[in-house]
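Just below is one structure, and these are the notes that go with it.
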Amino acid sequence: MSYLADDLKEKGNAAFRNGQFIEAEDWYTQAIQKHSRNPLIFTNRANVRLKLQRWDGAVNDCLKSIEITGANSQNHKAFYFLAQAQLALHHPHEALSSALTAYDQVRYPLSPAAKISPKDLETFSAFVLKCKKAKFSIRDRDRLRRQGDLRAELEETLETNKQRDLDDVSRQLENLTLGQVEASERNQEIMLNFDNKIAELKTVFAIVDPANHKPREIPDHLIDMITFEPMHDPVMTKMGHSYERATIYEHLKRSPTDPLTRDPLRMDDLRNNFGLKAACDEFWESGASEWIIDW
Amino acid sequence: MASMSSKRLQKELTKIQGTLPPGITLVSAPDLREWVMDISIIDNPIYPPNETYRMRFSFSPSYPIEAPEVVFVVLAAPERKIPIHPHIYSNGIICLDLLDSQGWSPVHNVESVCISIQSMLAGNTKAERPPGDAEFVRSNRQRPRDINFLYHDPKV
């Protein structure tokens with residue numbers, strides 16, 4: 001039975017390579033009907049569904065593939081495809097978590113036989129950053145909206161209070177407990193008071209609202225000097241300079257030298273920079289939305 | 001990798017459009033594959049102060065892991081000549097270690113390359129072409145970064 005499924009999977013792969021995504025999806029579906037316990041067929045179908053922008057289907061296939069291999073087994077492709085679909089579905093939290101799992105699985109393979117392509121670390125690293133940015137901007141939008149709501153509510157309350165006070169004055173005027181001149185003075189006072197409060201409210205929100213501030217730049221020590229992007233997995237050279245792991249690996253593959261000093265440098269010489277990693281994480285979590293994300 | 005070079009160049013461009021050191025100007029950056037820069041040299045009698053030299057930067061998708069290709073170009077109007085220097089061939093090819101694959105480092109950028117070339121010219125004392133210039137210009141068909149230069153005189 002599974003021999004037939006492999007045949008169908010190969011047909012799917014061939015169609016995929018030719019860019020015939022609809023046909024490829026169909027072959028994979030047939031393969032799954034023959035043999036539904038092969039995680040690779042699900043990952044392949046997830047990949048083709050990403051091409052077809054069938055995000056929900058892609059998520060299901062990735063989850064199925066991960067379920068078959070077990071959540072703690074090497075399946076970095078499934079986690080990477082899952083992250084892509086989740087990001088497309090506007091779930092950046094879930095996408096980030098999947099992308100980080102994929103990244104960790106190529107960084108620390110769970111089995112020595114893991115098939116990892118040399119580009120994976122770099123691709124996944126870039127995708128982790130993309131998820132972080134998406135998460136950051138969504139959180140920022142939410143916060144602004146919430147703040148907008150709060151401000152609208154407060155203004156409404158002030159407006160209601162003002163109206164109540166004005167009505168009060170009119171009533172007293174009718175009851176003749178208040179003279180004409182005194183009443184108009186009271187009204188003026190109420191209006192002035194209201195305007196002041198609204199202005200003060202605006203100032204307070206302007207102070208906390210980054211839209212009214214000039215954005216600050218991300219500090220240089222969190223920026224990878226090769227890609228000019230913020231780092232998320234920094235490593236340190238013997239000289240003490242830090243770079244993003246995936247990009248310095250890419251450089252060392254071509255030239256085993258320290259980019260700044262040209263001294264010989266091998267991948268084994270690089271050390272995790274946990275302190276800087278914590279600083280990078282803190283930056284993303286800080287909610288300091290006045291930072292420029294695209295440096 | 002294509003996205004790596006375009007992101008990085010986009011960021012360099014934003015920075016370059018802000019400020020550049022004196023004597024270095026961005027002429028055009030029509031896309032993220034080829035930029036044109038002008039440099040002028042002050043305080044060196046070999047290069048008249050009113051002369052400006054034009055350089056063309058070409059970037060591969062692997063920039064900045066791979067070096068950009070940088071050459072001087074000739075132009076009639078505005079007039080741009082190839083500056084005379086023992087490391088610059090009369091067809092505009094520059095023999096500079098930081099531009100070949102061994103000497104390049106990804107922490108370099110367009111601005112730092114311009115500064116290096118500018119200071120290489122500013123410090124020059126010999127108004128001459130590299131040895132074998134005529135022969136090289138006639139016979140060379142290689143791209144600059146594929147040429148295995150012999151550094152005739154590392155002191156220049």
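Residues in the structure tokens are numbered from 1 in each chain, the chains being A, B, ... in the order shown, and ligands are numbered from 1 in the order shown.
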Within 12 Å of His76 (chain A) using only C-alpha atoms, minus same-chain residues under 3 positions, as number ranges by chain: A: 39-40, 43, 62, 65-66, 69, 71-73, 79-83, 98-111, 114-117, 120-121, 123-124
Interface, chain A side, toward chain B (6 Å; only C-alpha atoms) as a PyMOL selection string: chain A and resi 225-227+251+259
Store the residues of this selection in a file with C-alpha atoms, as a PDB file, in the first residue's frame.
```pdb
ATOM      1  CA  MET A 225      26.545  45.066  11.231  1.00  0.00           C
ATOM      2  CA  ILE A 226      26.223  42.787   8.200  1.00  0.00           C
ATOM      3  CA  THR A 227      22.501  42.900   7.419  1.00  0.00           C
ATOM      4  CA  HIS A 251      30.299  35.079   5.834  1.00  0.00           C
ATOM      5  CA  PRO A 259      34.961  40.813   9.443  1.00  0.00           C
TER       6      PRO A 259
END
```
Using only C-alpha atoms, determine which residues lie at most 8 Å from Val137 (chain B), disregarding the query and same-chain residues fewer than 5 positions distant; provide the list as a short mmCIF file (atom, residue, chain, number, x, y, z; two decimals) with C-alpha atoms, in the first residue's frame.
```
data_model
loop_
_atom_site.label_atom_id
_atom_site.label_comp_id
_atom_site.auth_asym_id
_atom_site.auth_seq_id
_atom_site.Cartn_x
_atom_site.Cartn_y
_atom_site.Cartn_z
CA TYR B 89 43.91 50.85 -15.08
CA SER B 90 42.94 53.24 -17.84
CA ASN B 91 39.73 51.25 -18.45
#
```
Between CA of Asp195 (chain A) and CA of Asn175 (chain A) - distance in Å to one decimal: 27.7 Å
Distance of CA of Ala88 (chain A) from CA of Tyr28 (chain A), expressed in Å to one decimal place: 22.4 Å
